[in-house]
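Below is final_36.csv, holding CSV, C-alpha atoms.
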chain,number,residue,atom,x,y,z
A,1,MET,CA,-22.0,-88.1,68.2
A,2,LYS,CA,-20.1,-88.1,65.0
A,3,LYS,CA,-20.4,-84.4,64.8
A,4,ARG,CA,-19.0,-84.1,68.3
A,5,LEU,CA,-16.0,-86.3,67.5
A,6,LEU,CA,-15.3,-84.3,64.4
A,7,LEU,CA,-15.2,-81.0,66.5
A,8,ILE,CA,-12.8,-82.6,69.0
A,9,ALA,CA,-10.5,-83.8,66.2
A,10,CYS,CA,-10.5,-80.3,64.7
A,11,ALA,CA,-9.7,-78.7,68.0
A,12,VAL,CA,-6.8,-81.1,68.6
A,13,LEU,CA,-5.4,-80.4,65.2
A,14,LEU,CA,-5.6,-76.6,65.7
A,15,MET,CA,-3.8,-76.9,69.0
A,16,ALA,CA,-1.0,-78.9,67.4
A,17,VAL,CA,-0.6,-76.2,64.6
A,18,VAL,CA,-0.5,-73.4,67.2
A,19,ALA,CA,2.0,-75.3,69.3
A,20,GLY,CA,4.2,-75.9,66.3
A,21,CYS,CA,4.2,-72.2,65.4
A,22,SER,CA,5.0,-71.1,68.9
A,23,THR,CA,8.1,-73.3,69.1
A,24,LYS,CA,9.6,-72.3,65.8
A,25,ALA,CA,13.0,-70.6,66.2
A,26,PRO,CA,13.0,-67.0,65.0
A,27,GLU,CA,15.0,-66.4,61.8
A,28,PRO,CA,18.3,-64.4,62.3
A,29,ALA,CA,18.2,-60.9,61.1
A,30,LYS,CA,19.8,-60.5,57.8
A,31,ASN,CA,22.8,-58.2,57.5
A,32,ASP,CA,23.5,-57.0,54.0
A,33,ALA,CA,27.0,-55.6,54.8
A,34,ALA,CA,29.6,-58.4,54.6
A,35,PRO,CA,32.2,-58.3,57.4
A,36,GLN,CA,35.4,-56.5,56.4
A,37,PRO,CA,38.7,-58.2,56.9
A,38,ALA,CA,41.1,-56.6,59.3
A,39,ALA,CA,43.8,-54.5,57.7
A,40,ALA,CA,47.3,-56.1,57.6
A,41,LYS,CA,49.7,-54.0,59.6
A,42,VAL,CA,53.4,-53.4,58.6
A,43,VAL,CA,55.8,-51.4,60.8
A,44,VAL,CA,58.6,-49.7,58.9
A,45,GLY,CA,61.6,-48.1,60.5
A,46,ALA,CA,63.1,-45.1,58.7
A,47,THR,CA,65.2,-42.0,59.2
A,48,ALA,CA,63.2,-38.8,59.2
A,49,LYS,CA,64.2,-37.1,56.0
A,50,PRO,CA,63.5,-38.0,53.3
A,51,HIS,CA,62.6,-41.6,54.1
A,52,ALA,CA,59.7,-41.1,56.6
A,53,GLU,CA,58.4,-38.3,54.4
A,54,ILE,CA,58.4,-40.7,51.4
A,55,LEU,CA,56.6,-43.4,53.4
A,56,GLU,CA,53.9,-40.8,54.3
A,57,VAL,CA,53.1,-40.5,50.6
A,58,ALA,CA,52.9,-44.3,50.3
A,59,LYS,CA,50.6,-44.6,53.4
A,60,PRO,CA,47.3,-43.7,51.9
A,61,LEU,CA,48.1,-45.8,48.8
A,62,LEU,CA,48.6,-48.8,51.0
A,63,ALA,CA,45.4,-48.1,53.0
A,64,LYS,CA,43.4,-48.5,49.8
A,65,GLU,CA,45.1,-51.9,49.5
A,66,GLY,CA,44.1,-53.0,53.0
A,67,VAL,CA,47.5,-52.4,54.5
A,68,ASP,CA,48.0,-50.3,57.7
A,69,LEU,CA,51.4,-48.7,57.5
A,70,GLU,CA,53.1,-47.6,60.8
A,71,ILE,CA,56.2,-45.5,60.4
A,72,LYS,CA,58.7,-45.6,63.2
A,73,VAL,CA,61.4,-42.9,62.9
A,74,PHE,CA,64.9,-43.6,64.1
A,75,THR,CA,67.4,-40.7,64.7
A,76,ASP,CA,70.4,-43.0,64.4
A,77,TYR,CA,70.4,-45.2,61.2
A,78,VAL,CA,72.9,-47.6,62.7
A,79,GLN,CA,70.1,-49.0,64.9
A,80,LEU,CA,67.8,-49.8,62.0
A,81,ASN,CA,69.3,-53.1,60.7
A,82,PRO,CA,69.6,-54.5,64.2
A,83,ALA,CA,66.0,-53.6,64.9
A,84,LEU,CA,64.9,-55.4,61.8
A,85,LYS,CA,67.1,-58.4,62.5
A,86,ASP,CA,65.6,-58.7,66.1
A,87,LYS,CA,62.0,-58.4,64.7
A,88,GLN,CA,61.3,-55.0,66.4
A,89,ILE,CA,60.1,-53.8,63.0
A,90,ASP,CA,58.9,-55.5,59.8
A,91,ALA,CA,61.0,-53.6,57.3
A,92,ASN,CA,63.4,-50.6,57.1
A,93,PHE,CA,64.0,-47.9,54.6
A,94,PHE,CA,67.2,-45.8,54.9
A,95,GLN,CA,70.1,-47.6,53.3
A,96,HIS,CA,71.8,-48.5,50.0
A,97,ILE,CA,72.9,-51.9,48.9
A,98,PRO,CA,76.6,-51.7,49.8
A,99,TYR,CA,75.7,-50.7,53.4
A,100,LEU,CA,73.3,-53.6,53.6
A,101,ASP,CA,75.9,-56.1,52.3
A,102,ASP,CA,78.4,-54.8,54.8
A,103,PHE,CA,76.0,-55.2,57.7
A,104,ASN,CA,75.1,-58.7,56.6
A,105,ALA,CA,78.7,-59.8,56.3
A,106,LYS,CA,79.7,-58.4,59.7
A,107,ASN,CA,76.6,-59.5,61.7
A,108,ASN,CA,75.8,-63.0,60.4
A,109,ALA,CA,72.6,-61.6,59.0
A,110,GLN,CA,70.7,-62.3,55.8
A,111,LEU,CA,68.5,-59.1,55.5
A,112,ALA,CA,67.3,-58.7,51.9
A,113,TRP,CA,66.3,-55.7,49.8
A,114,THR,CA,63.1,-55.7,47.7
A,115,VAL,CA,62.9,-52.5,45.6
A,116,LYS,CA,65.0,-49.6,44.7
A,117,VAL,CA,63.3,-46.2,45.5
A,118,HIS,CA,65.6,-43.2,45.2
A,119,ASN,CA,69.2,-42.0,45.1
A,120,GLU,CA,70.6,-39.4,47.5
A,121,PRO,CA,73.7,-37.8,46.0
A,122,MET,CA,76.3,-37.3,48.7
A,123,GLY,CA,77.7,-33.7,48.8
A,124,VAL,CA,80.6,-31.6,50.0
A,125,TYR,CA,79.5,-28.7,52.3
A,126,SER,CA,81.3,-25.8,54.0
A,127,LYS,CA,80.5,-22.8,56.1
A,128,LYS,CA,84.0,-21.3,55.6
A,129,ILE,CA,84.6,-21.4,51.8
A,130,LYS,CA,82.4,-20.8,48.7
A,131,SER,CA,84.4,-23.0,46.3
A,132,LEU,CA,86.7,-26.0,46.6
A,133,THR,CA,89.4,-23.9,44.9
A,134,GLU,CA,89.6,-21.9,48.2
A,135,LEU,CA,90.4,-25.0,50.3
A,136,ALA,CA,93.7,-24.4,52.1
A,137,ASN,CA,96.6,-26.8,52.6
A,138,GLY,CA,96.0,-28.9,55.8
A,139,ALA,CA,92.3,-28.3,55.8
A,140,LYS,CA,90.1,-30.3,58.2
A,141,VAL,CA,87.7,-32.7,56.4
A,142,GLY,CA,84.9,-34.6,58.1
A,143,ILE,CA,83.4,-37.8,56.6
A,144,PRO,CA,81.1,-40.6,57.9
A,145,ASN,CA,82.7,-43.3,60.0
A,146,ASP,CA,80.6,-46.3,58.9
A,147,ALA,CA,82.5,-48.6,56.4
A,148,THR,CA,80.6,-48.1,53.2
A,149,ASN,CA,79.7,-44.4,53.6
A,150,GLY,CA,83.2,-43.6,54.6
A,151,GLY,CA,84.5,-45.2,51.4
A,152,ARG,CA,81.8,-43.5,49.4
A,153,ALA,CA,82.8,-40.1,50.9
A,154,LEU,CA,86.4,-40.7,49.9
A,155,MET,CA,85.2,-41.5,46.4
A,156,VAL,CA,83.4,-38.1,46.4
A,157,LEU,CA,86.6,-36.4,47.4
A,158,GLU,CA,88.4,-38.2,44.6
A,159,ASN,CA,85.8,-37.2,42.1
A,160,ALA,CA,86.1,-33.6,43.3
A,161,GLY,CA,89.8,-33.7,42.5
A,162,LEU,CA,91.0,-33.4,46.1
A,163,ILE,CA,92.6,-36.8,46.6
A,164,LYS,CA,93.5,-40.0,44.7
A,165,LEU,CA,92.7,-43.5,45.9
A,166,LYS,CA,94.2,-46.9,45.0
A,167,ALA,CA,92.9,-48.1,41.7
A,168,GLY,CA,89.7,-50.2,42.0
A,169,ILE,CA,89.3,-49.8,45.7
A,170,GLY,CA,85.8,-48.5,45.5
A,171,VAL,CA,83.4,-48.2,48.4
A,172,THR,CA,85.7,-50.2,50.8
A,173,ALA,CA,88.3,-47.4,50.7
A,174,THR,CA,89.7,-46.0,54.0
A,175,ASP,CA,92.1,-43.2,54.6
A,176,LYS,CA,94.9,-45.7,54.3
A,177,ASP,CA,94.0,-46.2,50.6
A,178,ILE,CA,94.7,-42.6,49.7
A,179,VAL,CA,97.8,-42.5,47.4
A,180,GLU,CA,97.8,-38.8,46.6
A,181,ASN,CA,96.8,-36.0,48.9
A,182,PRO,CA,98.3,-32.8,47.4
A,183,LYS,CA,96.6,-30.4,49.9
A,184,ASN,CA,97.6,-32.7,52.9
A,185,LEU,CA,93.9,-32.8,54.0
A,186,LYS,CA,93.3,-33.8,57.6
A,187,ILE,CA,90.5,-36.3,57.2
A,188,THR,CA,88.5,-37.3,60.3
A,189,MET,CA,85.8,-40.0,60.4
A,190,MET,CA,82.8,-39.4,62.7
A,191,ASP,CA,79.2,-40.3,63.2
A,192,ALA,CA,77.3,-39.3,60.0
A,193,ALA,CA,74.6,-37.5,62.0
A,194,MET,CA,77.2,-35.2,63.6
A,195,LEU,CA,78.6,-33.9,60.3
A,196,PRO,CA,76.3,-31.0,59.8
A,197,ARG,CA,77.2,-29.6,63.2
A,198,THR,CA,80.8,-30.2,62.5
A,199,LEU,CA,80.7,-27.6,59.8
A,200,ASP,CA,81.3,-25.0,62.4
A,201,ASP,CA,84.8,-26.4,63.0
A,202,ALA,CA,85.8,-28.3,59.9
A,203,ASP,CA,86.7,-26.7,56.6
A,204,ILE,CA,84.5,-29.1,54.6
A,205,CYS,CA,82.4,-32.1,55.4
A,206,VAL,CA,81.1,-34.9,53.1
A,207,ILE,CA,77.5,-35.4,54.2
A,208,ASN,CA,74.7,-37.9,53.3
A,209,SER,CA,71.7,-36.1,51.8
A,210,ASN,CA,69.3,-37.2,54.4
A,211,TYR,CA,71.3,-35.5,57.2
A,212,ALA,CA,71.9,-32.5,55.0
A,213,LEU,CA,68.1,-32.1,54.5
A,214,GLU,CA,67.5,-32.5,58.3
A,215,ALA,CA,70.0,-29.7,58.8
A,216,SER,CA,68.1,-27.5,56.3
A,217,LEU,CA,70.9,-27.7,53.8
A,218,ASN,CA,69.8,-27.9,50.1
A,219,PRO,CA,72.1,-30.5,48.5
A,220,VAL,CA,71.6,-28.9,45.0
A,221,LYS,CA,72.1,-25.3,46.1
A,222,ASP,CA,74.3,-25.5,49.2
A,223,SER,CA,76.8,-28.2,48.3
A,224,LEU,CA,80.2,-27.3,46.8
A,225,PHE,CA,80.3,-30.6,44.9
A,226,MET,CA,77.8,-33.4,44.4
A,227,GLU,CA,78.2,-37.1,43.7
A,228,PRO,CA,76.9,-38.0,40.2
A,229,LYS,CA,73.2,-38.6,40.3
A,230,ASP,CA,73.6,-42.0,38.6
A,231,SER,CA,75.8,-43.4,41.4
A,232,PRO,CA,75.2,-47.0,42.4
A,233,PHE,CA,73.8,-46.1,45.8
A,234,ALA,CA,70.1,-46.3,45.4
A,235,ASN,CA,68.2,-46.5,48.7
A,236,VAL,CA,66.2,-49.7,49.1
A,237,LEU,CA,63.4,-51.2,51.1
A,238,VAL,CA,64.8,-54.0,53.3
A,239,VAL,CA,63.1,-56.9,55.1
A,240,ARG,CA,63.9,-60.3,56.6
A,241,PRO,CA,64.4,-62.9,53.9
A,242,GLU,CA,61.3,-64.9,54.8
A,243,ASP,CA,59.1,-61.8,54.4
A,244,LYS,CA,60.1,-60.8,50.8
A,245,SER,CA,57.0,-62.4,49.2
A,246,LYS,CA,54.6,-61.4,52.0
A,247,ASP,CA,51.6,-59.6,50.5
A,248,SER,CA,51.9,-56.5,52.6
A,249,ILE,CA,55.6,-56.1,51.8
A,250,VAL,CA,54.9,-56.6,48.0
A,251,LYS,CA,52.2,-53.9,48.2
A,252,LEU,CA,54.6,-51.6,50.1
A,253,GLY,CA,57.2,-52.0,47.4
A,254,LYS,CA,54.7,-51.2,44.7
A,255,ALA,CA,53.5,-48.1,46.6
A,256,LEU,CA,57.1,-46.9,47.0
A,257,GLN,CA,57.6,-47.2,43.2
A,258,SER,CA,54.3,-45.5,42.4
A,259,PRO,CA,53.8,-42.5,40.1
A,260,GLU,CA,52.7,-40.6,43.3
A,261,VAL,CA,56.0,-41.2,45.0
A,262,LYS,CA,58.0,-40.4,41.9
A,263,LYS,CA,56.2,-37.0,41.5
A,264,PHE,CA,56.8,-36.3,45.2
A,265,LEU,CA,60.5,-37.0,44.9
A,266,GLU,CA,60.9,-34.8,41.8
A,267,ASP,CA,58.7,-31.9,43.1
A,268,THR,CA,59.8,-31.8,46.7
A,269,TYR,CA,63.6,-32.5,46.6
A,270,GLN,CA,64.4,-31.2,43.1
A,271,GLY,CA,67.6,-33.1,42.5
A,272,ALA,CA,68.5,-33.8,46.2
A,273,CYS,CA,66.6,-37.2,45.9
A,274,VAL,CA,66.4,-38.8,42.5
A,275,PRO,CA,63.9,-41.6,41.7
A,276,SER,CA,65.7,-44.9,41.0
A,277,PHE,CA,62.7,-46.6,39.3
Would you mind writing the file out in structure tokens?
Amino acid sequence: MKKRLLLIACAVLLMAVVAGCSTKAPEPAKNDAAPQPAAAKVVVGATAKPHAEILEVAKPLLAKEGVDLEIKVFTDYVQLNPALKDKQIDANFFQHIPYLDDFNAKNNAQLAWTVKVHNEPMGVYSKKIKSLTELANGAKVGIPNDATNGGRALMVLENAGLIKLKAGIGVTATDKDIVENPKNLKITMMDAAMLPRTLDDADICVINSNYALEASLNPVKDSLFMEPKDSPFANVLVVRPEDKSKDSIVKLGKALQSPEVKKFLEDTYQGACVPSF
């Protein structure tokens, strides 16, 4: 009898063990690869040459830092600051500090620059003469029509010995600030992007290097006169003020001031775009 009871007890115990094993939840499969964080995306507006080309050099550098750079090319640089202010883009790269300051003052904006990247010496170009000594009295001259680049172009004409401006007027100069114009030059202000095409009609035009490059003009070889390379018009990366310390923006600034970008500027543009860092 005792033997029978012992067998029954063992059977019950065995059934409990089997039942316990069958209800045990399976262990989740182990995955040795840790999940990768999604890349931070930053959309930067820029003009095509040289700014978008420079950003293309920075793009793979940023990818290594976990930042996905999207480059949005604008044909009209006047649209870039409004696009940034209205949060259509995260940053822009096309302008110098005086242009930025002028935009902020006139548009109740507080856009801020983060890093200086390069300088684009402005130049005087012509399809009709080979030297400024050939410039005739009453010659037609085209310059940009935006406030700071217009004043900058007049400073270039002054440095070239063609006109004289009021003392100390600087980048805010307009044609009304010309105090000496010995050749009686006929100066016309127009959209900066139109200036390369205006060379067919005007005697000379003062053109931003980015538009000269887009028109296949070599600022070093084709210009009759160039602004000094150490001019205070370095092109900068610009963002909304609350984004200055954002990780992706800081990394973008470092990439734009990298040895790779510096070498690209020096090798590709050979004096048409000079590193400012």
(request) Might you pull out every residue within 9 Å of region 222-229 of chain A, with all atoms listed in the file counted and same-chain residues fewer than 3 positions away left off, and present them as a ChimeraX atom specification? (result) /A:119-126,129-132,155-157,159-160,217-219,232,271-274
(request) Measuring atom to atom with only C-alpha atoms, identify which of A:Val239, A:Gly45, A:Lys59, A:Leu84 is nearest to Ile71 (chain A). (result)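 Of all the options, A:Gly45 lies closest to Ile71 (chain A).
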Could the residues of region 164-235 of chain A that have an atom at most 12 Å from region 102-113 of chain A be listed as a Markdown table, each with its closest atom pair and the distance in Å to one decimal, counting all atoms listed in the file and ordered by chain and ascending residue number?
| residue | atom | partner | partner_atom | distance |
| --- | --- | --- | --- | --- |
| A:Val171 | CA | A:Asp102 | CA | 10.5 |
| A:Thr172 | CA | A:Asp102 | CA | 9.5 |
| A:Ala234 | CA | A:Trp113 | CA | 11.1 |
| A:Asn235 | CA | A:Trp113 | CA | 9.5 |
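Counting from CA of Ala193 (chain A), the distance to CA of Asn137 (chain A) is 26.2 Å.
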(request) Just give me the gap between CA of Lys72 (chain A) and CA of Tyr211 (chain A) in Å, one decimal is fine. (result)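 Between CA of Lys72 (chain A) and CA of Tyr211 (chain A) the gap is 17.2 Å.
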(message) For a test of reading the model, state the distance in Å between CA of Pro182 (chain A) and CA of Cys205 (chain A), rounded to one decimal.
(response)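 Separation of CA of Pro182 (chain A) and CA of Cys205 (chain A): 17.8 Å.
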(request) Write out as a ChimeraX atom specification the residues lying within 8 Å of Val179 (chain A), counting only C-alpha atoms and excluding same-chain residues fewer than 4 positions away. (result) /A:163-166
(request) Counting all atoms listed in the file, figure out which residue out of A:Val206, A:Lys176, A:Asp101, A:Thr47 gets nearest to Leu80 (chain A). (result)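 Among A:Val206, A:Lys176, A:Asp101, A:Thr47, it is A:Thr47 that comes nearest to Leu80 (chain A).
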(message) Could you check the closest approach to Leu185 (chain A) for each of A:Asp146, A:Ala139, A:Gln95, A:Asn208 and tell me which residue wins, using all atoms listed in the file?
(response) A:Ala139
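Distances to Asn210 (chain A) were evaluated for A:Lys41, A:Lys64, A:Lys85, A:His118 using only C-alpha atoms, and the minimum falls at A:His118.
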(request) Determine, counting all atoms listed in the file, which protein, DNA and RNA residues have an atom within 12 Å of an atom of Pro275 (chain A); residues of the same chain fewer than 5 positions away are not included. Present the result as a PyMOL selection string. (result) chain A and resi 54+115-121+229-230+233-236+256-270
How would the residues just picked look written out with C-alpha atoms as a compact mmCIF listing (two decimals), in the coordinates of the input?
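Resulting contents of result_3.txt:
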# COMPACT_ATOMS: atom_id res chain seq x y z
CA ILE A 54 58.40 -40.70 51.40
CA VAL A 115 62.90 -52.50 45.60
CA LYS A 116 65.00 -49.60 44.70
CA VAL A 117 63.30 -46.20 45.50
CA HIS A 118 65.60 -43.20 45.20
CA ASN A 119 69.20 -42.00 45.10
CA GLU A 120 70.60 -39.40 47.50
CA PRO A 121 73.70 -37.80 46.00
CA LYS A 229 73.20 -38.60 40.30
CA ASP A 230 73.60 -42.00 38.60
CA PHE A 233 73.80 -46.10 45.80
CA ALA A 234 70.10 -46.30 45.40
CA ASN A 235 68.20 -46.50 48.70
CA VAL A 236 66.20 -49.70 49.10
CA LEU A 256 57.10 -46.90 47.00
CA GLN A 257 57.60 -47.20 43.20
CA SER A 258 54.30 -45.50 42.40
CA PRO A 259 53.80 -42.50 40.10
CA GLU A 260 52.70 -40.60 43.30
CA VAL A 261 56.00 -41.20 45.00
CA LYS A 262 58.00 -40.40 41.90
CA LYS A 263 56.20 -37.00 41.50
CA PHE A 264 56.80 -36.30 45.20
CA LEU A 265 60.50 -37.00 44.90
CA GLU A 266 60.90 -34.80 41.80
CA ASP A 267 58.70 -31.90 43.10
CA THR A 268 59.80 -31.80 46.70
CA TYR A 269 63.60 -32.50 46.60
CA GLN A 270 64.40 -31.20 43.10
(request) Return the single residue from A:His96, A:Val73, A:Glu53, A:Leu62 that is closest to Ser231 (chain A), with distances computed using only C-alpha atoms. (result) A:His96
(message) Taking only C-alpha atoms into account, name the residue in A:Leu252, A:Ala173, A:Ile204, A:Ala91 that is nearest to Val141 (chain A).
(response)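 Checking each of A:Leu252, A:Ala173, A:Ile204, A:Ala91 against Val141 (chain A), counting only C-alpha atoms, the winner is A:Ile204.
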(request) Skip Lys128 (chain A) itself and residues of its chain fewer than 4 positions away, then list as a VMD selection string all residues within 9 Å of it, counting all atoms listed in the file. (result) chain A and resid 199 to 200 202 to 204
(message) Using only C-alpha atoms and a cutoff of 10 Å, can you tell me which residues are near (84.5, -34.7, 58.8) in the file's coordinates, and write them out as a ChimeraX atom specification?
(response) /A:140-145,150,153,186-192,194-199,201-207
Could N, CA and C atoms be built for region 199-213 of chain A and written out as a PDB file, in the coordinates of the input?
ATOM      1  N   LEU A 199      80.370 -28.676  60.716  1.00  0.00           N
ATOM      2  CA  LEU A 199      80.700 -27.600  59.800  1.00  0.00           C
ATOM      3  C   LEU A 199      81.185 -26.344  60.443  1.00  0.00           C
ATOM      4  N   ASP A 200      80.844 -26.156  61.712  1.00  0.00           N
ATOM      5  CA  ASP A 200      81.300 -25.000  62.400  1.00  0.00           C
ATOM      6  C   ASP A 200      82.819 -25.037  62.702  1.00  0.00           C
ATOM      7  N   ASP A 201      83.371 -26.238  62.735  1.00  0.00           N
ATOM      8  CA  ASP A 201      84.800 -26.400  63.000  1.00  0.00           C
ATOM      9  C   ASP A 201      85.618 -26.869  61.835  1.00  0.00           C
ATOM     10  N   ALA A 202      85.082 -27.829  61.090  1.00  0.00           N
ATOM     11  CA  ALA A 202      85.800 -28.300  59.900  1.00  0.00           C
ATOM     12  C   ALA A 202      85.744 -27.378  58.767  1.00  0.00           C
ATOM     13  N   ASP A 203      86.689 -27.522  57.844  1.00  0.00           N
ATOM     14  CA  ASP A 203      86.700 -26.700  56.600  1.00  0.00           C
ATOM     15  C   ASP A 203      85.627 -27.177  55.638  1.00  0.00           C
ATOM     16  N   ILE A 204      85.559 -28.495  55.482  1.00  0.00           N
ATOM     17  CA  ILE A 204      84.500 -29.100  54.600  1.00  0.00           C
ATOM     18  C   ILE A 204      84.086 -30.414  55.285  1.00  0.00           C
ATOM     19  N   CYS A 205      82.870 -30.834  54.968  1.00  0.00           N
ATOM     20  CA  CYS A 205      82.400 -32.100  55.400  1.00  0.00           C
ATOM     21  C   CYS A 205      81.654 -32.788  54.207  1.00  0.00           C
ATOM     22  N   VAL A 206      81.794 -34.105  54.100  1.00  0.00           N
ATOM     23  CA  VAL A 206      81.100 -34.900  53.100  1.00  0.00           C
ATOM     24  C   VAL A 206      79.858 -35.485  53.807  1.00  0.00           C
ATOM     25  N   ILE A 207      78.649 -35.071  53.410  1.00  0.00           N
ATOM     26  CA  ILE A 207      77.500 -35.400  54.200  1.00  0.00           C
ATOM     27  C   ILE A 207      76.421 -36.121  53.346  1.00  0.00           C
ATOM     28  N   ASN A 208      75.824 -37.162  53.946  1.00  0.00           N
ATOM     29  CA  ASN A 208      74.700 -37.900  53.300  1.00  0.00           C
ATOM     30  C   ASN A 208      73.546 -36.881  53.143  1.00  0.00           C
ATOM     31  N   SER A 209      72.817 -37.000  52.046  1.00  0.00           N
ATOM     32  CA  SER A 209      71.700 -36.100  51.800  1.00  0.00           C
ATOM     33  C   SER A 209      70.653 -36.050  52.826  1.00  0.00           C
ATOM     34  N   ASN A 210      70.358 -37.223  53.436  1.00  0.00           N
ATOM     35  CA  ASN A 210      69.300 -37.200  54.400  1.00  0.00           C
ATOM     36  C   ASN A 210      69.653 -36.348  55.633  1.00  0.00           C
ATOM     37  N   TYR A 211      70.922 -36.369  56.055  1.00  0.00           N
ATOM     38  CA  TYR A 211      71.300 -35.500  57.200  1.00  0.00           C
ATOM     39  C   TYR A 211      71.491 -34.066  56.732  1.00  0.00           C
ATOM     40  N   ALA A 212      71.854 -33.845  55.485  1.00  0.00           N
ATOM     41  CA  ALA A 212      71.900 -32.500  55.000  1.00  0.00           C
ATOM     42  C   ALA A 212      70.507 -31.860  54.992  1.00  0.00           C
ATOM     43  N   LEU A 213      69.504 -32.628  54.527  1.00  0.00           N
ATOM     44  CA  LEU A 213      68.100 -32.100  54.500  1.00  0.00           C
ATOM     45  C   LEU A 213      67.620 -31.852  55.917  1.00  0.00           C
TER      46      LEU A 213
END
